[in-house]
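For reference, entry_38.pdb is printed below; it contains PDB, C-alpha atoms.
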ATOM      1  CA  MET A1316       0.000   0.000   0.000
ATOM      2  CA  LYS A1317       2.860   2.245   0.846
ATOM      3  CA  HIS A1318       4.413   1.591  -2.555
ATOM      4  CA  ILE A1319       1.155   2.284  -4.366
ATOM      5  CA  THR A1320       0.815   5.661  -2.614
ATOM      6  CA  THR A1321       4.392   6.519  -3.528
ATOM      7  CA  LEU A1322       3.828   5.532  -7.166
ATOM      8  CA  ILE A1323       0.654   7.616  -7.376
ATOM      9  CA  ALA A1324       2.447  10.628  -5.859
ATOM     10  CA  LEU A1325       5.325  10.131  -8.299
ATOM     11  CA  ALA A1326       2.935   9.880 -11.279
ATOM     12  CA  LEU A1327       1.115  13.040 -10.217
ATOM     13  CA  THR A1328       4.402  14.897  -9.824
ATOM     14  CA  LEU A1329       5.659  13.755 -13.249
ATOM     15  CA  GLY A1330       2.292  14.538 -14.756
ATOM     16  CA  THR A1331       2.563  18.151 -13.643
ATOM     17  CA  LEU A1332       6.267  18.544 -14.482
ATOM     18  CA  VAL A1333       6.096  17.281 -18.088
ATOM     19  CA  PRO A1334       3.647  20.003 -19.217
ATOM     20  CA  LEU A1335       5.789  22.611 -17.442
ATOM     21  CA  ALA A1336       8.857  21.438 -19.361
ATOM     22  CA  ALA A1337       6.922  21.566 -22.615
ATOM     23  CA  GLN A1338       5.683  25.041 -21.720
ATOM     24  CA  THR A1339       9.248  26.285 -21.113
ATOM     25  CA  GLN A1340      10.291  24.888 -24.538
ATOM     26  CA  MET A1341       7.432  26.763 -26.169
ATOM     27  CA  THR A1342       8.483  29.886 -24.341
ATOM     28  CA  ALA A1343      12.032  29.573 -25.685
ATOM     29  CA  LYS A1344      10.666  29.087 -29.201
ATOM     30  CA  GLU A1345       8.359  32.046 -28.767
ATOM     31  CA  LYS A1346      11.309  34.104 -27.554
ATOM     32  CA  ARG A1347      13.282  33.253 -30.710
ATOM     33  CA  THR A1348      10.300  34.172 -32.857
ATOM     34  CA  GLN A1349       9.815  37.378 -30.932
ATOM     35  CA  THR A1350      13.472  38.364 -31.272
ATOM     36  CA  ARG A1351      13.272  37.716 -35.040
ATOM     37  CA  GLN A1352      10.234  39.955 -35.240
ATOM     38  CA  GLU A1353      11.975  42.622 -33.166
ATOM     39  CA  ARG A1354      15.006  42.459 -35.481
ATOM     40  CA  LYS A1355      12.770  42.794 -38.546
ATOM     41  CA  ILE A1356      11.036  45.794 -36.998
ATOM     42  CA  ALA A1357      14.387  47.370 -36.103
ATOM     43  CA  GLN A1358      15.696  46.806 -39.647
ATOM     44  CA  GLN A1359      12.522  48.303 -41.109
ATOM     45  CA  LYS A1360      12.890  51.368 -38.866
ATOM     46  CA  ALA A1361      16.540  51.750 -39.908
ATOM     47  CA  ARG A1362      15.604  51.520 -43.621
ATOM     48  CA  GLU A1363      12.836  54.065 -43.113
ATOM     49  CA  GLN A1364      15.286  56.427 -41.361
ATOM     50  CA  LEU A1365      17.743  56.083 -44.273
ATOM     51  CA  TYR A1366      14.898  56.863 -46.693
ATOM     52  CA  GLN A1367      13.881  59.959 -44.700
ATOM     53  CA  ASP A1368      17.528  61.136 -44.650
ATOM     54  CA  ALA A1369      17.758  60.591 -48.416
ATOM     55  CA  VAL A1370      14.579  62.592 -49.052
ATOM     56  CA  ARG A1371      15.865  65.394 -46.814
ATOM     57  CA  THR A1372      19.186  65.545 -48.710
ATOM     58  CA  LEU A1373      17.326  65.788 -52.022
ATOM     59  CA  GLU A1374      15.092  68.553 -50.678
ATOM     60  CA  ASN A1375      18.173  70.465 -49.445
ATOM     61  CA  ASN A1376      20.046  69.902 -52.749
ATOM     62  CA  THR A1377      23.097  68.597 -50.874
ATOM     63  CA  PHE A1378      23.686  64.896 -51.437
ATOM     64  CA  VAL A1379      26.188  62.283 -52.549
ATOM     65  CA  LEU A1380      25.325  59.186 -54.559
ATOM     66  CA  GLU A1381      28.000  56.593 -53.810
ATOM     67  CA  ALA A1382      27.771  54.315 -56.848
ATOM     68  CA  ASP A1383      28.730  50.652 -56.599
ATOM     69  CA  ARG A1384      27.540  49.629 -60.083
ATOM     70  CA  LEU A1385      27.757  51.255 -63.512
ATOM     71  CA  ILE A1386      25.426  50.247 -66.333
ATOM     72  CA  PHE A1387      26.408  51.313 -69.837
ATOM     73  CA  LYS A1388      24.338  52.176 -72.910
ATOM     74  CA  ARG A1389      23.790  48.632 -74.167
ATOM     75  CA  GLY A1390      23.116  47.100 -70.735
ATOM     76  CA  ARG A1391      26.622  45.942 -69.856
ATOM     77  CA  SER A1392      27.273  46.476 -66.156
ATOM     78  CA  VAL A1393      30.352  46.519 -63.978
ATOM     79  CA  SER A1394      30.853  46.627 -60.206
ATOM     80  CA  VAL A1395      32.996  49.552 -59.092
ATOM     81  CA  SER A1396      34.301  51.124 -55.902
ATOM     82  CA  SER A1397      31.811  53.505 -54.283
ATOM     83  CA  VAL A1398      34.713  55.598 -52.988
ATOM     84  CA  LYS A1399      35.797  56.585 -56.513
ATOM     85  CA  ASN A1400      32.423  56.633 -58.320
ATOM     86  CA  PHE A1401      29.891  59.218 -57.252
ATOM     87  CA  ILE A1402      27.610  62.125 -58.048
ATOM     88  CA  SER A1403      27.599  64.939 -55.519
ATOM     89  CA  MET A1404      25.678  68.176 -55.323
ATOM     90  CA  ALA A1405      26.236  71.156 -53.037
ATOM     91  CA  ASN A1406      25.816  74.927 -53.435
ATOM     92  CA  LYS A1407      24.290  74.649 -56.940
ATOM     93  CA  LYS A1408      27.376  72.760 -58.178
ATOM     94  CA  ALA A1409      27.431  69.104 -59.162
ATOM     95  CA  THR A1410      30.417  66.789 -59.479
ATOM     96  CA  VAL A1411      30.282  63.548 -61.446
ATOM     97  CA  GLN A1412      33.192  61.137 -61.085
ATOM     98  CA  VAL A1413      33.568  57.777 -62.789
ATOM     99  CA  SER A1414      36.697  55.692 -62.215
ATOM    100  CA  PHE A1415      37.460  52.195 -63.390
ATOM    101  CA  ASP A1416      39.949  49.765 -61.936
ATOM    102  CA  THR A1417      42.608  50.231 -64.579
ATOM    103  CA  PRO A1418      46.396  50.510 -64.340
ATOM    104  CA  ARG A1419      46.284  53.680 -66.477
ATOM    105  CA  PRO A1420      45.621  56.867 -64.469
ATOM    106  CA  LEU A1421      43.517  58.509 -67.230
ATOM    107  CA  GLN A1422      42.146  62.040 -66.871
ATOM    108  CA  ASN A1423      41.529  62.326 -63.119
ATOM    109  CA  GLY A1424      44.536  60.355 -61.898
ATOM    110  CA  LEU A1425      42.269  57.550 -60.625
ATOM    111  CA  GLY A1426      41.483  55.740 -63.869
ATOM    112  CA  GLY A1427      38.494  57.740 -65.059
ATOM    113  CA  PHE A1428      37.175  61.265 -65.259
ATOM    114  CA  THR A1429      35.912  63.929 -62.857
ATOM    115  CA  VAL A1430      33.788  66.803 -64.120
ATOM    116  CA  GLU A1431      32.082  69.645 -62.332
ATOM    117  CA  GLY A1432      29.366  72.016 -63.482
ATOM    118  CA  ASN A1433      26.618  74.393 -62.461
ATOM    119  CA  VAL A1434      23.206  72.949 -61.702
ATOM    120  CA  SER A1435      19.939  74.274 -63.132
ATOM    121  CA  ASP A1436      16.373  73.154 -63.778
ATOM    122  CA  ILE A1437      16.004  71.082 -60.581
ATOM    123  CA  ARG A1438      12.769  69.080 -60.438
ATOM    124  CA  MET A1439      11.532  66.717 -57.758
ATOM    125  CA  LYS A1440       8.318  64.729 -57.908
ATOM    126  CA  LYS A1441       6.776  61.875 -55.951
ATOM    127  CA  ASP A1442       4.595  59.226 -57.583
ATOM    128  CA  LYS A1443       1.624  57.302 -56.146
ATOM    129  CA  LYS A1444       3.821  54.523 -54.740
ATOM    130  CA  GLY A1445       6.088  56.963 -52.899
ATOM    131  CA  SER A1446       9.075  56.740 -55.249
ATOM    132  CA  ILE A1447      10.842  60.033 -55.856
ATOM    133  CA  THR A1448      12.271  61.213 -59.179
ATOM    134  CA  TYR A1449      14.822  64.023 -58.880
ATOM    135  CA  SER A1450      16.282  65.513 -62.045
ATOM    136  CA  PHE A1451      18.587  68.383 -62.906
ATOM    137  CA  LEU A1452      20.723  69.751 -65.710
ATOM    138  CA  VAL A1453      24.450  70.128 -65.104
ATOM    139  CA  GLN A1454      26.647  72.263 -67.384
ATOM    140  CA  GLY A1455      30.333  72.925 -67.096
ATOM    141  CA  VAL A1456      33.639  72.788 -68.961
ATOM    142  CA  GLY A1457      33.694  68.991 -69.271
ATOM    143  CA  ILE A1458      30.016  68.140 -68.889
ATOM    144  CA  SER A1459      26.616  69.003 -70.248
ATOM    145  CA  ALA A1460      24.091  66.404 -69.219
ATOM    146  CA  GLN A1461      20.651  65.705 -67.811
ATOM    147  CA  VAL A1462      20.847  63.684 -64.569
ATOM    148  CA  SER A1463      17.791  61.850 -63.277
ATOM    149  CA  LEU A1464      17.782  60.067 -59.902
ATOM    150  CA  THR A1465      15.109  57.552 -58.872
ATOM    151  CA  LEU A1466      14.659  56.832 -55.154
ATOM    152  CA  PRO A1467      12.209  53.988 -54.379
ATOM    153  CA  GLN A1468       9.952  54.166 -51.303
ATOM    154  CA  GLY A1469      11.544  52.917 -48.071
ATOM    155  CA  SER A1470      15.174  52.716 -49.200
ATOM    156  CA  ASN A1471      18.210  54.893 -49.811
ATOM    157  CA  LYS A1472      19.247  52.843 -52.863
ATOM    158  CA  VAL A1473      19.232  55.138 -55.891
ATOM    159  CA  SER A1474      19.539  54.747 -59.630
ATOM    160  CA  ALA A1475      20.927  57.757 -61.525
ATOM    161  CA  ASN A1476      20.672  58.047 -65.299
ATOM    162  CA  ILE A1477      23.182  60.442 -66.905
ATOM    163  CA  SER A1478      22.206  61.517 -70.428
ATOM    164  CA  PRO A1479      24.844  63.689 -72.136
ATOM    165  CA  SER A1480      23.634  66.523 -74.348
ATOM    166  CA  PHE A1481      26.130  66.023 -77.189
ATOM    167  CA  HIS A1482      26.012  62.242 -77.726
ATOM    168  CA  SER A1483      23.912  59.229 -76.772
ATOM    169  CA  ASN A1484      26.338  57.391 -74.483
ATOM    170  CA  THR A1485      24.064  57.223 -71.470
ATOM    171  CA  LEU A1486      25.385  55.902 -68.173
ATOM    172  CA  THR A1487      23.427  54.617 -65.197
ATOM    173  CA  MET A1488      24.941  54.618 -61.718
ATOM    174  CA  THR A1489      23.357  52.685 -58.847
ATOM    175  CA  GLY A1490      24.241  52.966 -55.188
ATOM    176  CA  GLU A1491      23.340  54.622 -51.896
ATOM    177  CA  LEU A1492      22.264  58.222 -51.406
ATOM    178  CA  VAL A1493      23.899  59.767 -48.337
ATOM    179  CA  THR A1494      24.435  63.189 -46.813
ATOM    180  CA  GLN A1495      27.595  65.201 -47.501
ATOM    181  CA  GLU A1496      28.750  64.525 -43.924
ATOM    182  CA  LYS A1497      28.409  60.728 -44.223
ATOM    183  CA  ALA A1498      29.961  60.488 -47.684
ATOM    184  CA  ARG A1499      33.081  58.347 -48.095
ATOM    185  CA  VAL A1500      34.381  59.496 -51.463
ATOM    186  CA  PHE A1501      37.785  60.413 -52.859
ATOM    187  CA  GLU A1502      37.752  63.064 -55.545
ATOM    188  CA  GLY A1503      40.298  62.996 -58.363
ATOM    189  CA  PHE A1504      41.699  65.882 -60.418
ATOM    190  CA  LYS A1505      39.128  68.012 -62.219
ATOM    191  CA  ARG A1506      39.889  69.087 -65.738
TER     192      ARG A1506
END

Just give me the structure of the file as structure tokens.
Amino acid sequence: MKHITTLIALALTLGTLVPLAAQTQMTAKEKRTQTRQERKIAQQKAREQLYQDAVRTLENNTFVLEADRLIFKRGRSVSVSSVKNFISMANKKATVQVSFDTPRPLQNGLGGFTVEGNVSDIRMKKDKKGSITYSFLVQGVGISAQVSLTLPQGSNKVSANISPSFHSNTLTMTGELVTQEKARVFEGFKR
């Protein structure tokens, strides 16, 4: 009788402990799920903040597009260094620099060209989906081109289409739009 009472007490104890163990496993799984959701929310907030900063830089006409990919007229693309390939605008002046990884120093000393010009005809419009199109005309000694930037909703990733006035060799630069203060670019010689 004593053994039967002990066995019943043991069964009752195990019966209550097994669901508790299962509940703690569910809690750990829920915690992992919750931390994933928190990370996704934090990443979404960070992307939204980058988008707001990008919109603010466009509105202030002081920005830098750090390009990491160049797409040429016929669709050929090449990955490039964002430090040496950029479009910047400040004080109604724009600088466009394109540099390739080549052993020859070319025009700007970095393997490409750097041109600067005065900015005019700035236009900014937002479509129904929230994407922003920002365009301007830049004219200087070495450049005369229409530049059109497209900023999709919720990101600071930009595509810039450069259409020269004197020939049809268009160039598209893709990369991140950042403020002048956060820019990590190295400017070559201007000619």

Checklist entry - Between A:Asn1406, A:Ser1483, A:Gly1445, A:Lys1388, which one has atoms that come closest to Gln1367 (chain A), using all atoms listed in the file? => result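 That would be A:Gly1445, the residue with the smallest distance to Gln1367 (chain A).
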
Next on the checklist: At a cut-off of 8 Å, using only C-alpha atoms, what residues contact region 1492-1500 of chain A? Leave out same-chain residues fewer than 2 positions from it and give the result as a PyMOL selection string.
Outcome noted: chain A and resi 1368-1369+1372+1377-1381+1397-1401+1471-1473+1490+1502

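Going from CA of Ala1382 (chain A) to CA of Ala1357 (chain A) covers 25.6 Å.
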
Next on the checklist: Just to confirm, what's the straight-line distance from CA of Ile1437 (chain A) to CA of Asn1376 (chain A) in Å (one decimal)?
Outcome noted: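 Pair CA of Ile1437 (chain A) / CA of Asn1376 (chain A) returns 8.9 Å.
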
Checklist entry - Quick one, how far is CA of Thr1410 (chain A) from CA of Ser1474 (chain A)? => result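 Taking CA of Thr1410 (chain A) and CA of Ser1474 (chain A), their separation equals 16.2 Å.
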
Checklist entry - On this structure, which residues satisfy the PyMOL selection byres ((chain A and resi 1455) around 12), written as a VMD selection string? => result chain A and resid 1407 to 1411 1429 to 1435 1452 to 1454 1456 to 1460 1479 to 1480 1505 to 1506

Checklist entry - Which is closest to Phe1428 (chain A) among A:Val1395, A:Val1413, A:Leu1464, A:Ile1386, if we use all atoms listed in the file? => result A:Val1413

Checklist entry - Applied to this file, what does the PyMOL selection byres ((chain A and resi 1477) around 7) return in terms of residues, put as a list in words? => result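 That selection, the PyMOL selection byres ((chain A and resi 1477) around 7), comes back as Ala1460, Gln1461, Val1462, Ser1463, Ala1475, Asn1476, Ser1478, Pro1479, Thr1485, Leu1486 and Thr1487 of chain A.
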
Would you write out those residues with C-alpha atoms, as a PDB file, in the coordinates of the input?
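Here's the written file selection07.pdb:
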ATOM      1  CA  ALA A1460      24.091  66.404 -69.219  1.00  0.00           C
ATOM      2  CA  GLN A1461      20.651  65.705 -67.811  1.00  0.00           C
ATOM      3  CA  VAL A1462      20.847  63.684 -64.569  1.00  0.00           C
ATOM      4  CA  SER A1463      17.791  61.850 -63.277  1.00  0.00           C
ATOM      5  CA  ALA A1475      20.927  57.757 -61.525  1.00  0.00           C
ATOM      6  CA  ASN A1476      20.672  58.047 -65.299  1.00  0.00           C
ATOM      7  CA  SER A1478      22.206  61.517 -70.428  1.00  0.00           C
ATOM      8  CA  PRO A1479      24.844  63.689 -72.136  1.00  0.00           C
ATOM      9  CA  THR A1485      24.064  57.223 -71.470  1.00  0.00           C
ATOM     10  CA  LEU A1486      25.385  55.902 -68.173  1.00  0.00           C
ATOM     11  CA  THR A1487      23.427  54.617 -65.197  1.00  0.00           C
TER      12      THR A1487
END

Next on the checklist: For a quick check of understanding, using only C-alpha atoms, which of A:Arg1384, A:Ser1470, A:Glu1491, A:Phe1415 has the smallest distance to Gln1358 (chain A)?
Outcome noted: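 For Gln1358 (chain A), the nearest of the given residues is A:Ser1470.
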
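Comparing the minimum interatomic distances between Asp1436 (chain A) and each of A:Phe1387, A:Met1404, A:Ala1361, A:Ser1450, counting only C-alpha atoms, we find that A:Ser1450 sits nearest.
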
Next on the checklist: Just want the 6 Å neighbourhood of Glu1363 (chain A), counted on only C-alpha atoms, with same-chain residues fewer than 3 positions away dropped. Output as a PyMOL selection string.
Outcome noted: chain A and resi 1360+1366+1469

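Across A:Pro1467, A:Lys1444, A:Ala1405, A:Gln1352, the tightest approach to Glu1374 (chain A) is made by A:Ala1405 when counting all atoms listed in the file.
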
Next on the checklist: Since I can't run it myself right now, could you work out what the PyMOL selection byres ((chain A and resi 1394) around 8) selects here and report it as a list in words?
Outcome noted: Asp1383, Arg1384, Leu1385, Ser1392, Val1393, Val1395 and Ser1396 of chain A
